[in-house]
file final29.pdb (PDB, C-alpha atoms, pLDDT in the B column)
MODEL        1
ATOM      1  CA  MET A   1       0.000   0.000   0.000  1.00 49.00           C
ATOM      2  CA  ASN A   2       1.401   3.390  -0.978  1.00 59.00           C
ATOM      3  CA  SER A   3      -0.185   6.158   1.050  1.00 80.00           C
ATOM      4  CA  ARG A   4       0.456   9.734   2.050  1.00 84.00           C
ATOM      5  CA  GLU A   5       1.031   8.658   5.673  1.00 82.00           C
ATOM      6  CA  GLN A   6       3.784   6.263   4.588  1.00 85.00           C
ATOM      7  CA  TYR A   7       5.524   8.750   2.286  1.00 89.00           C
ATOM      8  CA  ALA A   8       9.009   9.842   3.323  1.00 89.00           C
ATOM      9  CA  PRO A   9      11.285  11.751   0.938  1.00 91.00           C
ATOM     10  CA  GLY A  10      14.653  10.245   0.104  1.00 89.00           C
ATOM     11  CA  ALA A  11      17.983  11.986   0.611  1.00 92.00           C
ATOM     12  CA  ALA A  12      18.667  15.308  -1.070  1.00 93.00           C
ATOM     13  CA  SER A  13      19.948  14.471  -4.552  1.00 93.00           C
ATOM     14  CA  GLY A  14      19.722  15.423  -8.209  1.00 93.00           C
ATOM     15  CA  ALA A  15      19.996  19.150  -7.561  1.00 95.00           C
ATOM     16  CA  GLU A  16      22.589  21.812  -8.200  1.00 95.00           C
ATOM     17  CA  VAL A  17      22.841  25.574  -8.140  1.00 95.00           C
ATOM     18  CA  ARG A  18      24.158  27.721 -10.951  1.00 94.00           C
ATOM     19  CA  LYS A  19      25.124  31.340 -10.399  1.00 90.00           C
ATOM     20  CA  ASP A  20      25.304  33.946 -13.143  1.00 89.00           C
ATOM     21  CA  GLY A  21      26.132  37.344 -11.686  1.00 87.00           C
ATOM     22  CA  GLU A  22      23.451  37.974  -9.060  1.00 85.00           C
ATOM     23  CA  GLU A  23      21.065  35.470 -10.619  1.00 89.00           C
ATOM     24  CA  TRP A  24      20.758  32.049  -8.988  1.00 92.00           C
ATOM     25  CA  THR A  25      19.226  29.063 -10.734  1.00 95.00           C
ATOM     26  CA  LEU A  26      18.154  25.872  -9.050  1.00 96.00           C
ATOM     27  CA  VAL A  27      18.531  22.869 -11.374  1.00 97.00           C
ATOM     28  CA  LEU A  28      16.733  19.654 -10.418  1.00 97.00           C
ATOM     29  CA  VAL A  29      16.945  16.419 -12.397  1.00 97.00           C
ATOM     30  CA  ARG A  30      14.712  13.407 -11.851  1.00 97.00           C
ATOM     31  CA  ASP A  31      14.505  10.223 -13.930  1.00 97.00           C
ATOM     32  CA  LEU A  32      10.924   9.007 -14.213  1.00 97.00           C
ATOM     33  CA  SER A  33       9.824   5.621 -15.538  1.00 96.00           C
ATOM     34  CA  HIS A  34       7.061   7.175 -17.639  1.00 97.00           C
ATOM     35  CA  PRO A  35       7.139   8.346 -21.280  1.00 97.00           C
ATOM     36  CA  PRO A  36       7.649  12.040 -22.105  1.00 98.00           C
ATOM     37  CA  ALA A  37       4.074  12.468 -23.409  1.00 98.00           C
ATOM     38  CA  LYS A  38       2.641  11.315 -20.064  1.00 98.00           C
ATOM     39  CA  VAL A  39       5.037  13.535 -18.078  1.00 98.00           C
ATOM     40  CA  TRP A  40       4.217  16.495 -20.379  1.00 98.00           C
ATOM     41  CA  LYS A  41       0.503  16.126 -19.634  1.00 98.00           C
ATOM     42  CA  ALA A  42       1.246  16.152 -15.880  1.00 98.00           C
ATOM     43  CA  LEU A  43       3.288  19.384 -16.307  1.00 98.00           C
ATOM     44  CA  THR A  44       0.680  21.196 -18.377  1.00 98.00           C
ATOM     45  CA  ALA A  45      -2.890  19.965 -17.722  1.00 98.00           C
ATOM     46  CA  PRO A  46      -4.653  21.858 -14.893  1.00 98.00           C
ATOM     47  CA  GLU A  47      -6.291  18.686 -13.542  1.00 97.00           C
ATOM     48  CA  HIS A  48      -2.844  17.047 -13.224  1.00 97.00           C
ATOM     49  CA  LEU A  49      -1.110  20.136 -11.791  1.00 97.00           C
ATOM     50  CA  ARG A  50      -3.737  20.156  -9.005  1.00 97.00           C
ATOM     51  CA  GLU A  51      -2.434  16.755  -7.894  1.00 97.00           C
ATOM     52  CA  TRP A  52       1.245  17.653  -7.396  1.00 97.00           C
ATOM     53  CA  ALA A  53       2.353  21.229  -8.296  1.00 97.00           C
ATOM     54  CA  PRO A  54       2.775  24.212  -5.927  1.00 95.00           C
ATOM     55  CA  PHE A  55       0.290  26.189  -8.043  1.00 96.00           C
ATOM     56  CA  ASP A  56      -2.953  25.789  -9.981  1.00 96.00           C
ATOM     57  CA  SER A  57      -3.360  27.049 -13.538  1.00 97.00           C
ATOM     58  CA  ASP A  58      -6.480  28.458 -15.134  1.00 98.00           C
ATOM     59  CA  ARG A  59      -5.614  26.729 -18.418  1.00 98.00           C
ATOM     60  CA  ASP A  60      -3.393  24.126 -20.073  1.00 98.00           C
ATOM     61  CA  LEU A  61       0.210  25.357 -19.974  1.00 98.00           C
ATOM     62  CA  GLY A  62       1.101  23.409 -23.119  1.00 98.00           C
ATOM     63  CA  VAL A  63       0.246  26.391 -25.341  1.00 96.00           C
ATOM     64  CA  VAL A  64       2.138  29.706 -25.609  1.00 97.00           C
ATOM     65  CA  GLY A  65       0.222  32.682 -24.190  1.00 97.00           C
ATOM     66  CA  THR A  66      -1.128  34.139 -20.959  1.00 96.00           C
ATOM     67  CA  ALA A  67      -2.124  31.971 -18.010  1.00 97.00           C
ATOM     68  CA  ARG A  68      -3.045  32.700 -14.404  1.00 97.00           C
ATOM     69  CA  LEU A  69      -1.203  30.706 -11.729  1.00 96.00           C
ATOM     70  CA  SER A  70      -2.571  30.526  -8.186  1.00 95.00           C
ATOM     71  CA  THR A  71       0.023  29.669  -5.546  1.00 92.00           C
ATOM     72  CA  VAL A  72      -1.288  26.943  -3.246  1.00 91.00           C
ATOM     73  CA  GLY A  73      -0.973  27.388   0.501  1.00 86.00           C
ATOM     74  CA  ALA A  74      -0.061  31.081   0.406  1.00 80.00           C
ATOM     75  CA  PRO A  75      -1.216  32.963   3.543  1.00 81.00           C
ATOM     76  CA  THR A  76      -3.399  35.149   1.317  1.00 82.00           C
ATOM     77  CA  PRO A  77      -4.634  34.295  -2.191  1.00 80.00           C
ATOM     78  CA  HIS A  78      -1.729  34.823  -4.569  1.00 88.00           C
ATOM     79  CA  VAL A  79      -2.592  34.796  -8.271  1.00 92.00           C
ATOM     80  CA  THR A  80      -0.043  35.850 -10.860  1.00 92.00           C
ATOM     81  CA  GLU A  81      -0.430  36.317 -14.564  1.00 94.00           C
ATOM     82  CA  THR A  82       2.307  34.553 -16.476  1.00 95.00           C
ATOM     83  CA  GLN A  83       3.346  34.167 -20.060  1.00 94.00           C
ATOM     84  CA  VAL A  84       4.032  30.683 -21.340  1.00 97.00           C
ATOM     85  CA  LYS A  85       7.040  31.656 -23.484  1.00 97.00           C
ATOM     86  CA  ARG A  86       7.813  28.244 -24.931  1.00 98.00           C
ATOM     87  CA  ALA A  87       5.708  25.129 -25.306  1.00 98.00           C
ATOM     88  CA  ASP A  88       7.389  22.438 -27.396  1.00 98.00           C
ATOM     89  CA  PRO A  89       5.537  19.191 -26.527  1.00 97.00           C
ATOM     90  CA  PRO A  90       6.761  16.880 -25.157  1.00 97.00           C
ATOM     91  CA  ARG A  91      10.253  18.392 -24.856  1.00 98.00           C
ATOM     92  CA  ALA A  92      10.378  21.906 -23.390  1.00 98.00           C
ATOM     93  CA  LEU A  93       8.165  24.281 -21.451  1.00 98.00           C
ATOM     94  CA  GLU A  94       9.021  27.797 -20.202  1.00 98.00           C
ATOM     95  CA  TYR A  95       7.053  30.297 -18.125  1.00 97.00           C
ATOM     96  CA  SER A  96       7.510  32.396 -14.992  1.00 93.00           C
ATOM     97  CA  TRP A  97       6.072  31.902 -11.518  1.00 90.00           C
ATOM     98  CA  GLY A  98       6.628  33.687  -8.230  1.00 80.00           C
ATOM     99  CA  GLY A  99       8.960  36.212  -9.817  1.00 83.00           C
ATOM    100  CA  GLY A 100      11.300  33.578 -11.261  1.00 89.00           C
ATOM    101  CA  ASP A 101      11.638  31.907 -14.622  1.00 95.00           C
ATOM    102  CA  ILE A 102      10.884  28.200 -14.869  1.00 97.00           C
ATOM    103  CA  ARG A 103      12.097  25.918 -17.642  1.00 98.00           C
ATOM    104  CA  TRP A 104      11.240  22.221 -17.923  1.00 98.00           C
ATOM    105  CA  GLU A 105      13.062  19.864 -20.276  1.00 98.00           C
ATOM    106  CA  LEU A 106      11.948  16.309 -20.969  1.00 98.00           C
ATOM    107  CA  GLU A 107      14.450  13.903 -22.456  1.00 98.00           C
ATOM    108  CA  PRO A 108      13.433  10.367 -23.488  1.00 97.00           C
ATOM    109  CA  LEU A 109      15.288   7.600 -21.669  1.00 96.00           C
ATOM    110  CA  GLY A 110      15.736   3.999 -22.729  1.00 90.00           C
ATOM    111  CA  GLY A 111      12.926   1.743 -21.558  1.00 93.00           C
ATOM    112  CA  GLY A 112      10.252   4.379 -22.115  1.00 95.00           C
ATOM    113  CA  GLY A 113      11.223   6.698 -19.265  1.00 97.00           C
ATOM    114  CA  THR A 114      11.892  10.436 -19.096  1.00 98.00           C
ATOM    115  CA  ARG A 115      14.690  12.527 -17.630  1.00 98.00           C
ATOM    116  CA  LEU A 116      12.886  15.584 -16.289  1.00 98.00           C
ATOM    117  CA  THR A 117      15.026  18.686 -15.689  1.00 98.00           C
ATOM    118  CA  LEU A 118      13.734  21.823 -14.000  1.00 98.00           C
ATOM    119  CA  TRP A 119      15.592  25.158 -14.092  1.00 97.00           C
ATOM    120  CA  HIS A 120      14.092  27.640 -11.616  1.00 96.00           C
ATOM    121  CA  ASN A 121      15.522  31.150 -11.087  1.00 95.00           C
ATOM    122  CA  ILE A 122      15.081  31.726  -7.383  1.00 91.00           C
ATOM    123  CA  ASP A 123      16.315  34.128  -4.720  1.00 90.00           C
ATOM    124  CA  ARG A 124      19.497  32.707  -3.154  1.00 89.00           C
ATOM    125  CA  ARG A 125      17.961  33.016   0.326  1.00 90.00           C
ATOM    126  CA  PHE A 126      15.223  30.541  -0.640  1.00 91.00           C
ATOM    127  CA  ILE A 127      17.163  28.158  -2.868  1.00 94.00           C
ATOM    128  CA  ALA A 128      17.437  25.304  -0.328  1.00 95.00           C
ATOM    129  CA  MET A 129      13.750  25.707   0.564  1.00 94.00           C
ATOM    130  CA  GLY A 130      12.891  25.627  -3.136  1.00 94.00           C
ATOM    131  CA  ALA A 131      14.958  22.486  -3.682  1.00 96.00           C
ATOM    132  CA  ALA A 132      13.254  20.751  -0.730  1.00 96.00           C
ATOM    133  CA  GLY A 133       9.813  21.795  -1.979  1.00 95.00           C
ATOM    134  CA  TRP A 134      10.406  20.718  -5.569  1.00 96.00           C
ATOM    135  CA  HIS A 135      11.958  17.436  -4.337  1.00 96.00           C
ATOM    136  CA  ILE A 136       8.681  16.598  -2.566  1.00 96.00           C
ATOM    137  CA  CYS A 137       6.639  17.775  -5.589  1.00 96.00           C
ATOM    138  CA  PHE A 138       8.682  15.455  -7.837  1.00 96.00           C
ATOM    139  CA  ASP A 139       8.056  12.532  -5.462  1.00 95.00           C
ATOM    140  CA  VAL A 140       4.306  13.245  -5.505  1.00 96.00           C
ATOM    141  CA  LEU A 141       4.425  13.605  -9.321  1.00 97.00           C
ATOM    142  CA  ASP A 142       6.195  10.247  -9.675  1.00 96.00           C
ATOM    143  CA  ARG A 143       3.505   8.521  -7.596  1.00 96.00           C
ATOM    144  CA  LEU A 144       0.739  10.265  -9.553  1.00 97.00           C
ATOM    145  CA  LEU A 145       2.232   9.078 -12.862  1.00 97.00           C
ATOM    146  CA  ALA A 146       2.470   5.535 -11.443  1.00 96.00           C
ATOM    147  CA  GLY A 147      -1.262   5.596 -10.694  1.00 96.00           C
ATOM    148  CA  GLN A 148      -0.692   5.806  -6.910  1.00 94.00           C
ATOM    149  CA  PRO A 149      -1.563   9.444  -6.118  1.00 94.00           C
ATOM    150  CA  ILE A 150      -0.921  10.599  -2.547  1.00 94.00           C
ATOM    151  CA  GLY A 151      -2.131  14.181  -3.039  1.00 93.00           C
ATOM    152  CA  ARG A 152      -0.297  17.443  -3.297  1.00 95.00           C
ATOM    153  CA  ILE A 153       2.147  18.329  -0.464  1.00 94.00           C
ATOM    154  CA  VAL A 154       3.136  21.996  -0.898  1.00 93.00           C
ATOM    155  CA  GLY A 155       3.555  25.325   0.874  1.00 89.00           C
ATOM    156  CA  PRO A 156       3.161  25.483   4.653  1.00 88.00           C
ATOM    157  CA  GLU A 157       1.861  21.897   4.676  1.00 88.00           C
ATOM    158  CA  ALA A 158       5.107  20.659   3.095  1.00 90.00           C
ATOM    159  CA  MET A 159       7.157  22.683   5.586  1.00 89.00           C
ATOM    160  CA  LYS A 160       5.374  20.924   8.490  1.00 86.00           C
ATOM    161  CA  PHE A 161       6.105  17.594   6.873  1.00 80.00           C
ATOM    162  CA  GLY A 162       8.809  15.613   8.685  1.00 74.00           C
ATOM    163  CA  GLY A 163      11.124  15.109   5.731  1.00 87.00           C
ATOM    164  CA  TRP A 164      11.025  18.731   4.561  1.00 92.00           C
ATOM    165  CA  GLN A 165      13.189  20.115   7.396  1.00 92.00           C
ATOM    166  CA  ARG A 166      15.807  17.423   6.766  1.00 94.00           C
ATOM    167  CA  LEU A 167      15.770  18.030   3.006  1.00 95.00           C
ATOM    168  CA  ASN A 168      16.040  21.794   3.487  1.00 95.00           C
ATOM    169  CA  ALA A 169      19.088  21.342   5.754  1.00 95.00           C
ATOM    170  CA  GLU A 170      20.697  18.801   3.369  1.00 95.00           C
ATOM    171  CA  TYR A 171      20.238  21.067   0.340  1.00 96.00           C
ATOM    172  CA  ALA A 172      21.482  24.118   2.291  1.00 94.00           C
ATOM    173  CA  LYS A 173      24.643  22.178   3.142  1.00 95.00           C
ATOM    174  CA  GLN A 174      25.068  20.919  -0.463  1.00 94.00           C
ATOM    175  CA  PHE A 175      24.651  24.420  -1.865  1.00 93.00           C
ATOM    176  CA  SER A 176      26.718  26.099   0.902  1.00 88.00           C
ATOM    177  CA  VAL A 177      23.889  28.496   1.742  1.00 85.00           C
ATOM    178  CA  GLU A 178      22.376  29.361   5.100  1.00 72.00           C
ATOM    179  CA  SER A 179      19.098  27.667   5.852  1.00 59.00           C
ATOM    180  CA  PRO A 180      16.174  29.904   6.759  1.00 54.00           C
ATOM    181  CA  GLY A 181      16.051  30.648  10.449  1.00 49.00           C
ATOM    182  CA  SER A 182      19.830  30.878  10.769  1.00 42.00           C
ATOM    183  CA  PRO A 183      21.261  34.312  11.495  1.00 41.00           C
ATOM    184  CA  SER A 184      22.011  36.258   8.361  1.00 41.00           C
ATOM    185  CA  ARG A 185      22.914  39.803   7.539  1.00 38.00           C
ATOM    186  CA  PRO A 186      20.128  41.861   5.983  1.00 39.00           C
ATOM    187  CA  ARG A 187      20.636  42.699   2.322  1.00 39.00           C
ATOM    188  CA  THR A 188      21.441  46.333   1.683  1.00 35.00           C
TER     189      THR A 188
ENDMDL
END
call {"tool": "encode", "arguments": {"input": "final29.pdb", "output": "structure tokens"}}
result
Amino acid sequence: MNSREQYAPGAASGAEVRKDGEEWTLVLVRDLSHPPAKVWKALTAPEHLREWAPFDSDRDLGVVGTARLSTVGAPTPHVTETQVKRADPPRALEYSWGGGDIRWELEPLGGGGTRLTLWHNIDRRFIAMGAAGWHICFDVLDRLLAGQPIGRIVGPEAMKFGGWQRLNAEYAKQFSVESPGSPSRPRT
């Protein structure tokens, strides 16, 4: 039986940080045992996004143009208008969310699987938190694709989740960044 109560995220892995000037990009790679077309649908169809992603969309993201993304679990309703800049099914998808650019790439793997790569421009102060959050989202996505959905675990709910604190600390150490809550100098 595969249930939400039994879910525990694995060790922090498959992530790196790239820095270009003051811009930080979180890069996460996950190999999934599902074909690119199936993964693409999970990344773009609103009914699939509702099962695993940290936001809802008012339309299919697989088409270039304007979409409205609603962040799930925000203290107050947070809806942003975004532009889907690139939609090349089932290979590449680009749009922005939460003030950062997001790029997904899907690469076919032998045996019918997909290597899913996410590039997310994110504030350095939140990069470990972002990695921990996306790690859990990817786990939930993998289960959804396998036909064993456990339901979305995002936002404050994810942060209360036992494995999130550990993941956040592991990613902070990997990326050599301070984890939230540790003393830091204010940015000037």
call {"tool": "resolve_selection", "arguments": {"input": "final29.pdb", "expression": "the PyMOL selection byres ((chain A and resi 47) around 12)", "output": "PyMOL selection string"}}
result
chain A and resi 41-46+48-53+55-61+144+152
call {"tool": "closest_atom_pairs", "arguments": {"input": "final29.pdb", "of": "segment 73-149 of chain A", "to": "segment 13-16 of chain A", "cutoff": "12 Å", "atoms": "all atoms listed in the file", "output": "CSV"}}
result
residue,atom,partner,partner_atom,distance
A:Arg115,CA,A:Gly14,CA,11.1
A:Leu116,CA,A:Gly14,CA,10.6
A:Thr117,CA,A:Gly14,CA,9.4
A:Leu118,CA,A:Ala15,CA,9.4
A:Trp119,CA,A:Glu16,CA,9.7
A:His120,CA,A:Glu16,CA,10.9
A:Ile127,CA,A:Glu16,CA,9.9
A:Ala128,CA,A:Ala15,CA,9.8
A:Gly130,CA,A:Ala15,CA,10.6
A:Ala131,CA,A:Ala15,CA,7.2
A:Ala132,CA,A:Ala15,CA,9.7
A:Gly133,CA,A:Ala15,CA,11.9
A:Trp134,CA,A:Ala15,CA,9.9
A:His135,CA,A:Ser13,CA,8.5
A:Ile136,CA,A:Ser13,CA,11.6
A:Phe138,CA,A:Gly14,CA,11.0
call {"tool": "resolve_selection", "arguments": {"input": "final29.pdb", "expression": "the PyMOL selection byres ((chain A and resi 79) around 6)", "output": "short mmCIF file (atom, residue, chain, number, x, y, z; two decimals) with C-alpha atoms, keeping the file's coordinate frame"}}
result
data_model
loop_
_atom_site.label_atom_id
_atom_site.label_comp_id
_atom_site.auth_asym_id
_atom_site.auth_seq_id
_atom_site.Cartn_x
_atom_site.Cartn_y
_atom_site.Cartn_z
CA LEU A 69 -1.20 30.71 -11.73
CA SER A 70 -2.57 30.53 -8.19
CA HIS A 78 -1.73 34.82 -4.57
CA THR A 80 -0.04 35.85 -10.86
#
call {"tool": "resolve_selection", "arguments": {"input": "final29.pdb", "expression": "the PyMOL selection byres ((chain A and resi 154) around 8)", "output": "ChimeraX atom specification"}}
result
/A:53-54,72-73,133,136-137,152-153,155-159
call {"tool": "closest_residue", "arguments": {"input": "final29.pdb", "among": "A:Ala87, A:Met129, A:Ala146, A:Leu141", "to": "Leu167 of chain A", "atoms": "only C-alpha atoms"}}
result
A:Met129
call {"tool": "closest_residue", "arguments": {"input": "final29.pdb", "among": "A:Gly147, A:Val29, A:Val177, A:Gly10", "to": "Trp104 of chain A", "atoms": "only C-alpha atoms"}}
result
A:Val29
call {"tool": "closest_residue", "arguments": {"input": "final29.pdb", "among": "A:Arg68, A:Ser3, A:Gly99, A:Glu94", "to": "Thr82 of chain A", "atoms": "all atoms listed in the file"}}
result
A:Arg68
call {"tool": "atom_distance", "arguments": {"input": "final29.pdb", "atom1": "atom CA of Leu145 of chain A", "atom2": "atom CA of Tyr95 of chain A"}}
result
22.4 Å
call {"tool": "residues_around", "arguments": {"input": "final29.pdb", "residues": "Glu107 of chain A", "least_positions_apart": "6", "cutoff": "10 Å", "atoms": "all atoms listed in the file", "output": "PyMOL selection string"}}
result
chain A and resi 31+35-36+90-92+113-117
call {"tool": "atom_distance", "arguments": {"input": "final29.pdb", "atom1": "atom CA of Ala12 of chain A", "atom2": "atom CA of Glu105 of chain A"}}
result
20.5 Å
